[in-house]
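**Q** My structure is in work-v3.cif, and what it holds is mmCIF, C-alpha atoms:
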data_upload
loop_
_atom_site.group_PDB
_atom_site.id
_atom_site.type_symbol
_atom_site.label_atom_id
_atom_site.label_comp_id
_atom_site.auth_asym_id
_atom_site.auth_seq_id
_atom_site.Cartn_x
_atom_site.Cartn_y
_atom_site.Cartn_z
ATOM 1 C CA SER Y 11 13.975 -5.158 12.776
ATOM 2 C CA ASP Y 12 16.382 -2.283 12.070
ATOM 3 C CA ILE Y 13 18.732 -4.671 10.267
ATOM 4 C CA VAL Y 14 15.891 -5.889 8.034
ATOM 5 C CA PHE Y 15 14.941 -2.375 6.928
ATOM 6 C CA LYS Y 16 18.545 -1.247 6.459
ATOM 7 C CA VAL Y 17 19.461 -4.175 4.180
ATOM 8 C CA PRO Y 18 17.586 -3.857 0.846
ATOM 9 C CA THR Y 19 17.721 -7.596 0.111
ATOM 10 C CA LEU Y 20 16.114 -8.541 3.438
ATOM 11 C CA LYS Y 21 13.492 -5.853 2.987
ATOM 12 C CA ASN Y 22 12.687 -7.178 -0.480
ATOM 13 C CA ILE Y 23 12.225 -10.684 0.918
ATOM 14 C CA LEU Y 24 9.517 -9.400 3.260
ATOM 15 C CA ARG Y 25 7.952 -7.331 0.495
ATOM 16 C CA ALA Y 26 7.978 -10.387 -1.793
ATOM 17 C CA ILE Y 27 5.690 -12.103 0.709
ATOM 18 C CA TRP Y 28 3.533 -9.063 1.431
ATOM 19 C CA ARG Y 29 2.987 -7.680 -2.077
ATOM 20 C CA PRO Y 30 1.203 -10.777 -3.524
ATOM 21 C CA LYS Y 31 -0.717 -11.274 -0.257
ATOM 22 C CA LEU Y 32 -4.076 -11.621 -2.016
ATOM 23 C CA GLU Y 33 -2.774 -14.251 -4.435
ATOM 24 C CA ILE Y 34 -1.101 -16.123 -1.573
ATOM 25 C CA LEU Y 35 -4.293 -16.012 0.497
ATOM 26 C CA LEU Y 36 -6.424 -17.315 -2.377
ATOM 27 C CA THR Y 37 -3.911 -20.098 -3.055
ATOM 28 C CA LEU Y 38 -4.018 -21.155 0.601
ATOM 29 C CA ILE Y 39 -7.816 -21.149 0.541
ATOM 30 C CA LEU Y 40 -7.738 -23.341 -2.568
ATOM 31 C CA PHE Y 41 -5.268 -25.630 -0.762
ATOM 32 C CA LEU Y 42 -7.683 -26.050 2.165
ATOM 33 C CA VAL Y 43 -10.652 -26.651 -0.129
ATOM 34 C CA ILE Y 44 -8.826 -29.397 -2.023
ATOM 35 C CA LEU Y 45 -7.520 -30.896 1.229
ATOM 36 C CA TYR Y 46 -11.105 -30.962 2.519
ATOM 37 C CA MET Y 47 -12.184 -32.865 -0.602
ATOM 38 C CA PHE Y 48 -9.423 -35.414 -0.038
ATOM 39 C CA THR Y 49 -10.477 -35.617 3.615
ATOM 40 C CA LEU Y 50 -14.010 -36.516 2.595
ATOM 41 C CA TRP Y 51 -12.587 -39.170 0.292
ATOM 42 C CA GLY Y 52 -10.399 -40.569 3.032
ATOM 43 C CA TYR Y 53 -13.176 -40.454 5.644
ATOM 44 C CA GLY Y 54 -15.607 -42.229 3.323
ATOM 45 C CA TYR Y 55 -13.372 -45.010 2.005
ATOM 46 C CA LEU Y 56 -10.034 -45.081 3.866
ATOM 47 C CA SER Y 57 -10.861 -44.122 7.459
ATOM 48 C CA ASP Y 58 -9.590 -47.470 8.791
ATOM 49 C CA GLN Y 59 -6.106 -46.630 7.488
ATOM 50 C CA TYR Y 60 -5.765 -43.382 9.515
ATOM 51 C CA GLU Y 61 -3.892 -45.210 12.257
ATOM 52 C CA GLY Y 62 -1.165 -43.586 14.317
ATOM 53 C CA ASP Y 63 1.789 -45.145 16.054
ATOM 54 C CA ASP Y 64 -0.336 -45.835 19.129
ATOM 55 C CA GLY Y 65 -2.861 -47.727 17.029
ATOM 56 C CA ALA Y 66 -5.631 -45.182 17.571
ATOM 57 C CA ASN Y 67 -7.858 -44.276 14.654
ATOM 58 C CA GLY Y 68 -7.363 -40.638 13.677
ATOM 59 C CA CYS Y 69 -10.386 -40.419 11.392
ATOM 60 C CA THR Y 70 -13.409 -41.009 13.598
ATOM 61 C CA ASN Y 71 -15.216 -37.983 12.143
ATOM 62 C CA VAL Y 72 -14.705 -35.435 9.395
ATOM 63 C CA TYR Y 73 -13.369 -32.759 11.781
ATOM 64 C CA THR Y 74 -10.602 -34.909 13.301
ATOM 65 C CA CYS Y 75 -9.879 -36.439 9.905
ATOM 66 C CA LEU Y 76 -9.348 -32.969 8.414
ATOM 67 C CA TRP Y 77 -6.967 -31.876 11.168
ATOM 68 C CA VAL Y 78 -4.994 -35.112 11.005
ATOM 69 C CA SER Y 79 -4.736 -34.759 7.224
ATOM 70 C CA LEU Y 80 -3.556 -31.135 7.500
ATOM 71 C CA ASP Y 81 -1.046 -32.001 10.205
ATOM 72 C CA GLN Y 82 0.399 -35.173 8.690
ATOM 73 C CA THR Y 83 0.558 -33.916 5.096
ATOM 74 C CA PHE Y 84 3.664 -31.870 5.903
ATOM 75 C CA LYS Y 85 5.268 -34.207 8.449
ATOM 76 C CA ASN Y 86 5.860 -37.282 6.351
ATOM 77 C CA ASP Y 87 7.787 -38.115 3.216
ATOM 78 C CA GLY Y 88 5.245 -38.573 0.479
ATOM 79 C CA GLY Y 89 2.637 -36.454 2.241
ATOM 80 C CA LEU Y 90 -0.355 -37.994 3.965
ATOM 81 C CA GLY Y 91 0.368 -41.370 2.374
ATOM 82 C CA GLY Y 92 3.420 -41.703 4.610
ATOM 83 C CA PHE Y 93 1.169 -41.538 7.666
ATOM 84 C CA LEU Y 94 -1.517 -43.991 6.555
ATOM 85 C CA LYS Y 95 -1.113 -47.722 7.175
ATOM 86 C CA PRO Y 96 1.197 -49.422 4.658
ATOM 87 C CA TYR Y 97 -0.168 -51.841 2.132
ATOM 88 C CA GLU Y 98 -1.009 -55.177 3.703
ATOM 89 C CA VAL Y 99 1.570 -57.878 3.158
ATOM 90 C CA ASP Y 100 0.345 -61.451 2.893
ATOM 91 C CA GLY Y 101 3.473 -63.532 3.052
ATOM 92 C CA LYS Y 102 5.670 -62.247 0.263
ATOM 93 C CA GLU Y 103 2.843 -60.905 -1.829
ATOM 94 C CA LEU Y 104 2.010 -57.171 -1.594
ATOM 95 C CA GLU Y 105 -1.720 -56.688 -1.755
ATOM 96 C CA MET Y 106 -2.197 -53.515 -3.803
ATOM 97 C CA ASN Y 107 -4.994 -51.125 -2.961
ATOM 98 C CA TYR Y 108 -5.502 -49.148 -6.144
ATOM 99 C CA GLN Y 109 -7.703 -46.624 -4.399
ATOM 100 C CA ARG Y 110 -4.831 -45.919 -1.983
ATOM 101 C CA VAL Y 111 -2.448 -45.534 -4.895
ATOM 102 C CA ALA Y 112 -4.730 -42.951 -6.496
ATOM 103 C CA PHE Y 113 -5.380 -41.194 -3.166
ATOM 104 C CA ASP Y 114 -1.728 -40.965 -2.129
ATOM 105 C CA ASN Y 115 -0.355 -39.864 -5.480
ATOM 106 C CA LEU Y 116 -3.109 -37.393 -6.366
ATOM 107 C CA LEU Y 117 -2.900 -35.721 -2.963
ATOM 108 C CA ASN Y 118 0.897 -35.581 -3.185
ATOM 109 C CA PHE Y 119 0.883 -34.171 -6.729
ATOM 110 C CA VAL Y 120 -1.978 -31.643 -6.386
ATOM 111 C CA LEU Y 121 -1.208 -30.305 -2.903
ATOM 112 C CA LEU Y 122 2.489 -30.798 -2.256
ATOM 113 C CA ILE Y 123 3.811 -30.346 -5.766
ATOM 114 C CA LEU Y 124 1.374 -28.232 -7.782
ATOM 115 C CA LEU Y 125 -0.099 -25.780 -5.269
ATOM 116 C CA LEU Y 126 3.015 -25.362 -3.137
ATOM 117 C CA GLU Y 127 5.097 -24.753 -6.247
ATOM 118 C CA ILE Y 128 2.561 -22.156 -7.365
ATOM 119 C CA LEU Y 129 2.850 -20.518 -3.936
ATOM 120 C CA ALA Y 130 6.635 -20.526 -4.110
ATOM 121 C CA GLY Y 131 6.506 -19.223 -7.691
ATOM 122 C CA LEU Y 132 4.419 -16.215 -6.605
ATOM 123 C CA ILE Y 133 6.977 -15.265 -3.960
ATOM 124 C CA ILE Y 134 10.005 -15.921 -6.174
ATOM 125 C CA ASP Y 135 8.580 -13.951 -9.125
ATOM 126 C CA THR Y 136 7.726 -11.033 -6.853
ATOM 127 C CA PHE Y 137 11.204 -11.095 -5.339
ATOM 128 C CA ALA Y 138 12.763 -11.101 -8.824
ATOM 129 C CA SER Y 139 10.567 -8.145 -9.797
ATOM 130 C CA LEU Y 140 11.559 -6.239 -6.655
ATOM 131 C CA ARG Y 141 15.207 -7.006 -7.278
ATOM 132 C CA ASP Y 142 14.915 -5.660 -10.836
ATOM 133 C CA GLU Y 143 13.224 -2.516 -9.525
ATOM 134 C CA GLU Y 144 15.982 -2.066 -6.946
ATOM 135 C CA ASN Y 145 18.694 -2.535 -9.566
ATOM 136 C CA LYS Y 146 16.989 -0.043 -11.881
ATOM 137 C CA ARG Y 147 16.662 2.466 -9.047
ATOM 138 C CA VAL Y 148 20.347 2.111 -8.184
ATOM 139 C CA GLU Y 149 21.252 2.433 -11.859
ATOM 140 C CA ASP Y 150 19.142 5.594 -12.171
ATOM 141 C CA LEU Y 151 20.786 7.089 -9.091
ATOM 142 C CA LYS Y 152 24.188 6.441 -10.631
ATOM 143 C CA ASN Y 153 23.374 7.866 -14.065
ATOM 144 C CA TYR Y 154 20.536 10.402 -13.655
ATOM 145 C CA CYS Y 155 20.201 13.550 -11.568
ATOM 146 C CA ILE Y 156 17.179 13.291 -9.272
ATOM 147 C CA MET Y 157 16.475 17.030 -9.369
ATOM 148 C CA CYS Y 158 16.771 17.872 -13.061
ATOM 149 C CA GLY Y 159 16.242 14.395 -14.529
ATOM 150 C CA GLN Y 160 19.081 14.665 -17.019
ATOM 151 C CA SER Y 161 21.437 11.790 -17.726
ATOM 152 C CA ARG Y 162 25.141 11.613 -17.018
ATOM 153 C CA GLU Y 163 25.965 11.970 -20.729
ATOM 154 C CA VAL Y 164 23.844 15.104 -21.181
ATOM 155 C CA ILE Y 165 25.170 16.801 -18.047
ATOM 156 C CA GLU Y 166 28.810 16.082 -18.823
ATOM 157 C CA GLY Y 167 28.223 17.204 -22.415
ATOM 158 C CA LYS Y 168 26.677 20.547 -21.413
ATOM 159 C CA THR Y 169 28.976 21.406 -18.538
ATOM 160 C CA LYS Y 170 32.683 21.222 -17.878
ATOM 161 C CA ASP Y 171 32.189 19.403 -14.592
ATOM 162 C CA SER Y 172 31.612 15.708 -13.992
ATOM 163 C CA PHE Y 173 28.261 14.166 -13.128
ATOM 164 C CA GLU Y 174 29.402 13.619 -9.522
ATOM 165 C CA VAL Y 175 30.219 17.313 -9.123
ATOM 166 C CA HIS Y 176 26.810 18.237 -10.564
ATOM 167 C CA ILE Y 177 24.788 16.131 -8.110
ATOM 168 C CA LYS Y 178 26.892 17.246 -5.135
ATOM 169 C CA ARG Y 179 27.271 20.936 -5.903
ATOM 170 C CA ASP Y 180 24.644 22.140 -8.382
ATOM 171 C CA HIS Y 181 21.689 19.839 -7.651
ATOM 172 C CA ASN Y 182 22.424 18.374 -4.250
ATOM 173 C CA ILE Y 183 19.156 16.814 -3.057
ATOM 174 C CA TRP Y 184 20.013 17.539 0.578
ATOM 175 C CA ASN Y 185 20.222 21.253 -0.161
ATOM 176 C CA TYR Y 186 16.634 21.115 -1.407
ATOM 177 C CA MET Y 187 15.588 19.171 1.692
ATOM 178 C CA PHE Y 188 17.276 21.697 3.969
ATOM 179 C CA PHE Y 189 15.618 24.546 2.059
ATOM 180 C CA ILE Y 190 12.172 22.989 2.559
ATOM 181 C CA ALA Y 191 12.915 22.523 6.267
ATOM 182 C CA TYR Y 192 14.047 26.159 6.407
ATOM 183 C CA LEU Y 193 10.749 27.302 4.852
ATOM 184 C CA GLU Y 194 8.764 25.189 7.307
ATOM 185 C CA LYS Y 195 10.465 26.909 10.247
ATOM 186 C CA LYS Y 196 10.470 30.433 8.832
ATOM 187 C CA PRO Y 197 7.425 32.665 9.562
ATOM 188 C CA LYS Y 198 5.273 33.123 6.469
ATOM 189 C CA THR Y 199 5.176 36.866 6.990
ATOM 190 C CA GLU Y 200 8.932 36.987 6.340
ATOM 191 C CA PHE Y 201 8.853 35.043 3.062
ATOM 192 C CA THR Y 202 10.247 36.604 -0.076
ATOM 193 C CA GLY Y 203 8.308 36.276 -3.325
ATOM 194 C CA VAL Y 204 10.296 33.225 -4.445
ATOM 195 C CA GLU Y 205 10.001 31.583 -1.031
ATOM 196 C CA SER Y 206 6.242 32.136 -0.951
ATOM 197 C CA PHE Y 207 5.906 30.651 -4.418
ATOM 198 C CA ILE Y 208 7.990 27.570 -3.598
ATOM 199 C CA HIS Y 209 6.313 27.025 -0.223
ATOM 200 C CA GLU Y 210 2.870 27.161 -1.803
ATOM 201 C CA LYS Y 211 3.863 24.718 -4.529
ATOM 202 C CA PHE Y 212 5.365 22.380 -1.944
ATOM 203 C CA LYS Y 213 2.135 22.388 0.072
ATOM 204 C CA GLU Y 214 0.197 21.620 -3.116
ATOM 205 C CA LYS Y 215 2.650 18.768 -3.887
ATOM 206 C CA ASP Y 216 3.427 20.541 -7.136
ATOM 207 C CA CYS Y 217 7.037 19.895 -8.202
ATOM 208 C CA ARG Y 218 7.103 22.275 -11.156
ATOM 209 C CA TRP Y 219 9.491 24.526 -9.258
ATOM 210 C CA PHE Y 220 12.152 21.823 -9.562
ATOM 211 C CA PRO Y 221 14.795 22.560 -12.238
ATOM 212 C CA TYR Y 222 13.586 19.878 -14.638
ATOM 213 C CA TYR Y 223 15.975 19.348 -17.540
ATOM 214 C CA LYS Y 224 18.058 22.353 -16.532
ATOM 215 C CA THR Y 225 21.686 22.397 -15.479
ATOM 216 C CA ALA Y 226 23.598 25.118 -13.691
ATOM 217 C CA ASP Y 227 25.032 26.452 -16.959
ATOM 218 C CA SER Y 228 21.832 26.200 -18.966
ATOM 219 C CA ALA Y 229 19.269 26.953 -16.268
ATOM 220 C CA ASP Y 230 16.747 29.605 -17.103
ATOM 221 C CA PHE Y 231 15.087 30.766 -13.914
ATOM 222 C CA ASP Y 232 13.263 33.724 -15.502
ATOM 223 C CA GLN Y 233 10.014 31.805 -15.698
ATOM 224 C CA MET Y 234 10.094 30.812 -12.036
ATOM 225 C CA GLU Y 235 10.995 34.350 -11.018
ATOM 226 C CA ALA Y 236 8.127 35.692 -13.124
ATOM 227 C CA PHE Y 237 5.740 33.273 -11.410
ATOM 228 C CA ALA Y 238 7.097 34.366 -8.047
ATOM 229 C CA LYS Y 239 6.605 38.058 -8.873
ATOM 230 C CA VAL Y 240 3.034 37.452 -10.017
ATOM 231 C CA TYR Y 241 2.379 35.421 -6.883
ATOM 232 C CA GLU Y 242 3.829 38.218 -4.732
ATOM 233 C CA LYS Y 243 1.574 40.762 -6.449
ATOM 234 C CA PHE Y 244 -1.477 38.614 -5.748
ATOM 235 C CA GLU Y 245 -0.430 38.329 -2.116
ATOM 236 C CA ASN Y 246 -0.049 42.097 -1.856
ATOM 237 C CA LEU Y 247 -3.462 42.536 -3.464
ATOM 238 C CA ASP Y 248 -5.006 40.142 -0.942
ATOM 239 C CA ARG Y 249 -3.427 42.059 1.910
ATOM 240 C CA THR Y 250 -4.746 45.350 0.493
ATOM 241 C CA LEU Y 251 -8.262 43.922 0.200
ATOM 242 C CA ASP Y 252 -8.092 42.650 3.777
ATOM 243 C CA ASP Y 253 -7.005 46.093 4.960
ATOM 244 C CA LEU Y 254 -9.865 47.741 3.058
ATOM 245 C CA LYS Y 255 -12.380 45.323 4.551
ATOM 246 C CA THR Y 256 -11.015 46.018 8.029
ATOM 247 C CA GLN Y 257 -11.282 49.786 7.498
ATOM 248 C CA GLN Y 258 -14.812 49.393 6.139
ATOM 249 C CA ARG Y 259 -15.916 47.441 9.215
ATOM 250 C CA TYR Y 260 -14.275 50.051 11.443
ATOM 251 C CA LEU Y 261 -16.103 52.922 9.694
ATOM 252 C CA GLU Y 262 -19.427 51.104 9.854
ATOM 253 C CA GLU Y 263 -19.001 50.463 13.580
ATOM 254 C CA ASN Y 264 -18.149 54.142 14.170
ATOM 255 C CA GLU Y 265 -21.200 55.283 12.166
ATOM 256 C CA GLU Y 266 -23.444 53.020 14.237
ATOM 257 C CA GLU Y 267 -21.980 54.351 17.479
ATOM 258 C CA GLU Y 268 -22.422 57.978 16.331
ATOM 259 C CA ALA Y 269 -25.961 57.299 15.159
ATOM 260 C CA SER Y 270 -27.064 55.672 18.406
ATOM 261 C CA PRO Y 271 -27.062 58.882 20.595
ATOM 262 C CA ALA Y 272 -28.954 60.759 17.910
ATOM 263 C CA LYS Y 273 -31.603 58.038 17.767
ATOM 264 C CA LYS Y 274 -31.978 58.103 21.557
ATOM 265 C CA GLN Y 275 -32.382 61.926 21.486
ATOM 266 C CA VAL Y 276 -35.129 61.661 18.855
ATOM 267 C CA ILE Y 277 -36.941 59.037 20.885
ATOM 268 C CA LEU Y 278 -36.746 61.102 24.078
ATOM 269 C CA THR Y 279 -37.928 64.256 22.259
ATOM 270 C CA GLY Y 280 -40.882 62.395 20.825
ATOM 271 C CA LYS Y 281 -41.930 61.175 24.239
ATOM 272 C CA GLY Y 282 -41.680 64.657 25.682
#
Show how you would write the structure in this file as structure tokens.
**A**
Amino acid sequence: SDIVFKVPTLKNILRAIWRPKLEILLTLILFLVILYMFTLWGYGYLSDQYEGDDGANGCTNVYTCLWVSLDQTFKNDGGLGGFLKPYEVDGKELEMNYQRVAFDNLLNFVLLILLLEILAGLIIDTFASLRDEENKRVEDLKNYCIMCGQSREVIEGKTKDSFEVHIKRDHNIWNYMFFIAYLEKKPKTEFTGVESFIHEKFKEKDCRWFPYYKTADSADFDQMEAFAKVYEKFENLDRTLDDLKTQQRYLEENEEEEASPAKKQVILTGKG
């Protein structure tokens, strides 16, 4: 299984079968429905010709006739017609059964040629689509920076370095991954303003902190830093409000404790 998932072509073959699963299922259902119709035809008019090698009749009822038809359709050249008794020969003359001719050829054309080709076409078209997607993805990886989205031509035109240097040094995707992992491990209380801003955006699945359409020489991080500073101010304000609420609860509890002895003294004086 590891080999399948490590080789893109093998993985696409499996995906080519799985992606059009609904279409494949409906085609197979249509195949069974049409085969059942041919089974009824064979059971009604050609049941005496469902004879195996042992001479036993394989079409004594609709159920057995259906299973024999499904089984023998794929085992013989020419489909089910290759299993049925051959045309009777009287001397040198071949007695033609025109109903058998229609039955054999229609079943062979509709089921074995038309529907199976449709089934194969679904898988082949899906595989071709997946292969095109894979080729486009590989082409994008070769000519576009994942982090800033700029093309090879734009990057090499704006900077003195090559595209390969840019994606390895300036916008190395693994550096971003390591930074996210670092934020996940670091206590939130130790975040800087920028780290808090980026961590929050990452949790919200908001990628606006990525350097879209910015290179190392043309990057303008003022906006992100401004967002980070505003975010830090809001965090400080939240902390201040929490502290005020805590102090308020503390004062209220102290007032209640101080008021309780006085209330008891009043009550005792009144009783006296």
**Q** Since I can't run it myself right now, could you work out what the PyMOL selection byres ((chain Y and resi 126) around 12) selects here and report it as a PDB file with C-alpha atoms, in the coordinates of the input?
**A**
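And here is the file that came out, out-v7.pdb:
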ATOM      1  CA  ILE Y  34      -1.101 -16.123  -1.573  1.00  0.00           C
ATOM      2  CA  THR Y  37      -3.911 -20.098  -3.055  1.00  0.00           C
ATOM      3  CA  LEU Y  38      -4.018 -21.155   0.601  1.00  0.00           C
ATOM      4  CA  LEU Y  40      -7.738 -23.341  -2.568  1.00  0.00           C
ATOM      5  CA  PHE Y  41      -5.268 -25.630  -0.762  1.00  0.00           C
ATOM      6  CA  LEU Y  42      -7.683 -26.050   2.165  1.00  0.00           C
ATOM      7  CA  PHE Y  84       3.664 -31.870   5.903  1.00  0.00           C
ATOM      8  CA  LEU Y 117      -2.900 -35.721  -2.963  1.00  0.00           C
ATOM      9  CA  ASN Y 118       0.897 -35.581  -3.185  1.00  0.00           C
ATOM     10  CA  PHE Y 119       0.883 -34.171  -6.729  1.00  0.00           C
ATOM     11  CA  VAL Y 120      -1.978 -31.643  -6.386  1.00  0.00           C
ATOM     12  CA  LEU Y 121      -1.208 -30.305  -2.903  1.00  0.00           C
ATOM     13  CA  LEU Y 122       2.489 -30.798  -2.256  1.00  0.00           C
ATOM     14  CA  ILE Y 123       3.811 -30.346  -5.766  1.00  0.00           C
ATOM     15  CA  LEU Y 124       1.374 -28.232  -7.782  1.00  0.00           C
ATOM     16  CA  LEU Y 125      -0.099 -25.780  -5.269  1.00  0.00           C
ATOM     17  CA  GLU Y 127       5.097 -24.753  -6.247  1.00  0.00           C
ATOM     18  CA  ILE Y 128       2.561 -22.156  -7.365  1.00  0.00           C
ATOM     19  CA  LEU Y 129       2.850 -20.518  -3.936  1.00  0.00           C
ATOM     20  CA  ALA Y 130       6.635 -20.526  -4.110  1.00  0.00           C
ATOM     21  CA  GLY Y 131       6.506 -19.223  -7.691  1.00  0.00           C
ATOM     22  CA  LEU Y 132       4.419 -16.215  -6.605  1.00  0.00           C
ATOM     23  CA  ILE Y 133       6.977 -15.265  -3.960  1.00  0.00           C
TER      24      ILE Y 133
END
**Q** Looking at Y:Arg259, Y:His181, Y:Lys198, Y:Lys152, which one is nearest to Tyr222 (chain Y), with distances taken over all atoms listed in the file?
**A** Y:His181
**Q** For Glu61 (chain Y), which residue among Y:Lys85, Y:Arg29, Y:Lys170, Y:Lys95 is the nearest when counting only C-alpha atoms?
**A**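 Once distances to Glu61 (chain Y) are computed over only C-alpha atoms, the minimum belongs to Y:Lys95.
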**Q** To one decimal place, how far is CA of Val148 (chain Y) from CA of Lys215 (chain Y) in Å?
**A** 24.7 Å
**Q** What lies within 10 Å of Tyr46 (chain Y) using only C-alpha atoms, ignoring chain neighbours under 4 positions off, as a list in words?
**A**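 That gives Leu40, Phe41, Leu42, Leu50, Trp51, Gly52, Val72, Tyr73, Cys75, Leu76, Trp77, Ser79 and Leu80 of chain Y.
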**Q** To one decimal place in Å, what is the distance between CA of Ile190 (chain Y) and CA of Trp219 (chain Y)?
**A**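 These atoms are spaced 12.2 Å apart.
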**Q** Do you have the CA of Met187 (chain Y)-CA of Ile208 (chain Y) distance handy?
**A** 12.5 Å
**Q** Going by the chain IDs and residue numbers used in this file, which residues fall under the PyMOL selection byres ((chain Y and resi 193) around 12)? Write them as a PyMOL selection string.
**A** chain Y and resi 186-192+194-202+204-213
**Q** Looking at all atoms listed in the file, which of Y:Cys155, Y:Val164, Y:Ala66, Y:Val78 is the one that sits closest to Lys178 (chain Y)?
**A** Y:Cys155
**Q** Quick one: which residues end up in the PyMOL selection byres ((chain Y and resi 136) around 12) for this structure, as a list in words?
**A**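 Selection result, ordered by chain and number: Asn22, Ile23, Leu24, Arg25, Ala26, Ile27, Trp28, Arg29, Pro30, Lys31, Glu33, Ile34, Leu129, Ala130, Gly131, Leu132, Ile133, Ile134, Asp135, Phe137, Ala138, Ser139, Leu140, Arg141, Asp142 and Glu143 of chain Y.
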**Q** Could you save those same residues with C-alpha atoms as a PDB file, keeping the file's coordinate frame?
**A**
ATOM      1  CA  ASN Y  22      12.687  -7.178  -0.480  1.00  0.00           C
ATOM      2  CA  ILE Y  23      12.225 -10.684   0.918  1.00  0.00           C
ATOM      3  CA  LEU Y  24       9.517  -9.400   3.260  1.00  0.00           C
ATOM      4  CA  ARG Y  25       7.952  -7.331   0.495  1.00  0.00           C
ATOM      5  CA  ALA Y  26       7.978 -10.387  -1.793  1.00  0.00           C
ATOM      6  CA  ILE Y  27       5.690 -12.103   0.709  1.00  0.00           C
ATOM      7  CA  TRP Y  28       3.533  -9.063   1.431  1.00  0.00           C
ATOM      8  CA  ARG Y  29       2.987  -7.680  -2.077  1.00  0.00           C
ATOM      9  CA  PRO Y  30       1.203 -10.777  -3.524  1.00  0.00           C
ATOM     10  CA  LYS Y  31      -0.717 -11.274  -0.257  1.00  0.00           C
ATOM     11  CA  GLU Y  33      -2.774 -14.251  -4.435  1.00  0.00           C
ATOM     12  CA  ILE Y  34      -1.101 -16.123  -1.573  1.00  0.00           C
ATOM     13  CA  LEU Y 129       2.850 -20.518  -3.936  1.00  0.00           C
ATOM     14  CA  ALA Y 130       6.635 -20.526  -4.110  1.00  0.00           C
ATOM     15  CA  GLY Y 131       6.506 -19.223  -7.691  1.00  0.00           C
ATOM     16  CA  LEU Y 132       4.419 -16.215  -6.605  1.00  0.00           C
ATOM     17  CA  ILE Y 133       6.977 -15.265  -3.960  1.00  0.00           C
ATOM     18  CA  ILE Y 134      10.005 -15.921  -6.174  1.00  0.00           C
ATOM     19  CA  ASP Y 135       8.580 -13.951  -9.125  1.00  0.00           C
ATOM     20  CA  PHE Y 137      11.204 -11.095  -5.339  1.00  0.00           C
ATOM     21  CA  ALA Y 138      12.763 -11.101  -8.824  1.00  0.00           C
ATOM     22  CA  SER Y 139      10.567  -8.145  -9.797  1.00  0.00           C
ATOM     23  CA  LEU Y 140      11.559  -6.239  -6.655  1.00  0.00           C
ATOM     24  CA  ARG Y 141      15.207  -7.006  -7.278  1.00  0.00           C
ATOM     25  CA  ASP Y 142      14.915  -5.660 -10.836  1.00  0.00           C
ATOM     26  CA  GLU Y 143      13.224  -2.516  -9.525  1.00  0.00           C
TER      27      GLU Y 143
END
**Q** List as a ChimeraX atom specification the protein and nucleic acid residues near Lys21 (chain Y), meaning an atom at most 10 Å away when all atoms listed in the file are counted, but skip any in the same chain fewer than 6 places from it.
**A** /Y:11,13-15,140
